[in-house]
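Here the structure is laid out as structure tokens; the discussion comes afterwards.
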Amino acid sequence: MTCSPAHLAEQIRAKGFRLTPQRMAIFNVLHESGGHLVRTEIYERVQALAPVLTEPTVYRTLDFLVENELVRVTHAGNGRLEYELARHRHHHLHCSACGAELEIAHEQMQKIFAHLELSTGYRLTENHITLMGLCPHCQEIGD
């Protein structure tokens, strides 16, 4: 899935919703970041684009975009919620020493998710995960 603001505008209209200025501002901020941002970072960056938007409006709009699967929220290992455009399904490996992050294709994790569902009876509805560990570089430093 592409993640240009124009493509996201098409997606939101296809779902039957209006493309409001606050939705477009959040799309632009997340697109330009190219990664994950916490709510306060999104609000601060939106303020630079549209100073008239209030903090509650930005947060309500962000929640709306998450509920409608246009933005994805990730539970980061440090307890923070991070947001990104819902472009393609993926997961992360995060180095707890240096902060390096590696993206993992969803396809690499599908067998694990299928096994979890089969063995537990759960149906996974959210499975965007971040696994914590030490990257190869930090492992070398520690040895």
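Order determines the names: the first chain of the structure tokens is A, the second B, and so forth; residues in each chain are numbered 1 upward, and ligands are numbered 1 upward as they are shown.
The shell of residues at most 12 Å from Arg13 (chain A), with only C-alpha atoms counted and near chain neighbours (fewer than 6 positions) removed, consists of Ala6, His7, Leu19, Thr20, Arg23, Met24, Asn68 and Leu70 of chain A.
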From a DSSP calculation on the backbone, collect every residue of chain A in strand (DSSP E or B) and output the set as an MDAnalysis selection string.
chainID A and resid 37 71:75 81:85 90:95 101:105 130:133
Polymer residues at most 6 Å from Val71 (chain A), only C-alpha atoms, same-chain spacing of 6 or more positions, as a PyMOL selection string
chain A and resi 65+84-86
Selection above as a file: N, CA and C atoms, as a PDB file, in the first residue's frame:
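Saved file result-v8.pdb follows:
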```pdb
ATOM      1  N   LEU A  65      -8.830   8.072  13.202  1.00  0.00           N
ATOM      2  CA  LEU A  65      -8.027   7.474  12.136  1.00  0.00           C
ATOM      3  C   LEU A  65      -7.546   6.080  12.516  1.00  0.00           C
ATOM      4  N   GLU A  84       1.692   5.574  13.426  1.00  0.00           N
ATOM      5  CA  GLU A  84       2.249   5.646  12.086  1.00  0.00           C
ATOM      6  C   GLU A  84       1.136   5.426  11.083  1.00  0.00           C
ATOM      7  N   LEU A  85       1.391   5.777   9.839  1.00  0.00           N
ATOM      8  CA  LEU A  85       0.417   5.508   8.786  1.00  0.00           C
ATOM      9  C   LEU A  85       0.253   4.004   8.624  1.00  0.00           C
ATOM     10  N   ALA A  86      -0.962   3.576   8.373  1.00  0.00           N
ATOM     11  CA  ALA A  86      -1.232   2.150   8.180  1.00  0.00           C
ATOM     12  C   ALA A  86      -0.965   1.792   6.725  1.00  0.00           C
TER      13      ALA A  86
END
```
Check the smallest atom-to-atom distance from each of A:Val73, A:Thr125, A:Gly34, A:Phe64 to Phe17 (chain A) using only C-alpha atoms, then report the winner.
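Looking only at the distances to Phe17 (chain A), the closest residue turns out to be A:Phe64.
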Could you pull out all residues of region 31-78 of chain A with a DSSP call of helix (DSSP H, G or I) and give them as a ChimeraX atom specification?
/A:31-33,39-49,55-67
Using Å and a single decimal, report how far CA of His92 (chain A) sits from CA of Ser33 (chain A).
16.9 Å
Neighbouring residues of region 25-29 of chain A were defined as those with any atom within 9 Å, considering only C-alpha atoms; residues of the same chain fewer than 2 positions away were excluded. Please report them as a ChimeraX atom specification.
/A:3-5,8-9,20-23,31-34,42-43,45-46,49-50,58,61-62,70-71,85
Which residue is closest to Cys98 (chain A)? Choose from A:His75, A:His137, A:Arg39, A:His128 and count only C-alpha atoms.
A:His137
Top pick for closest residue to Gly99 (chain A), considering A:Tyr83, A:Gly16, A:Tyr59, A:Met132 and counting only C-alpha atoms
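Checking each of A:Tyr83, A:Gly16, A:Tyr59, A:Met132 against Gly99 (chain A), counting only C-alpha atoms, the winner is A:Met132.
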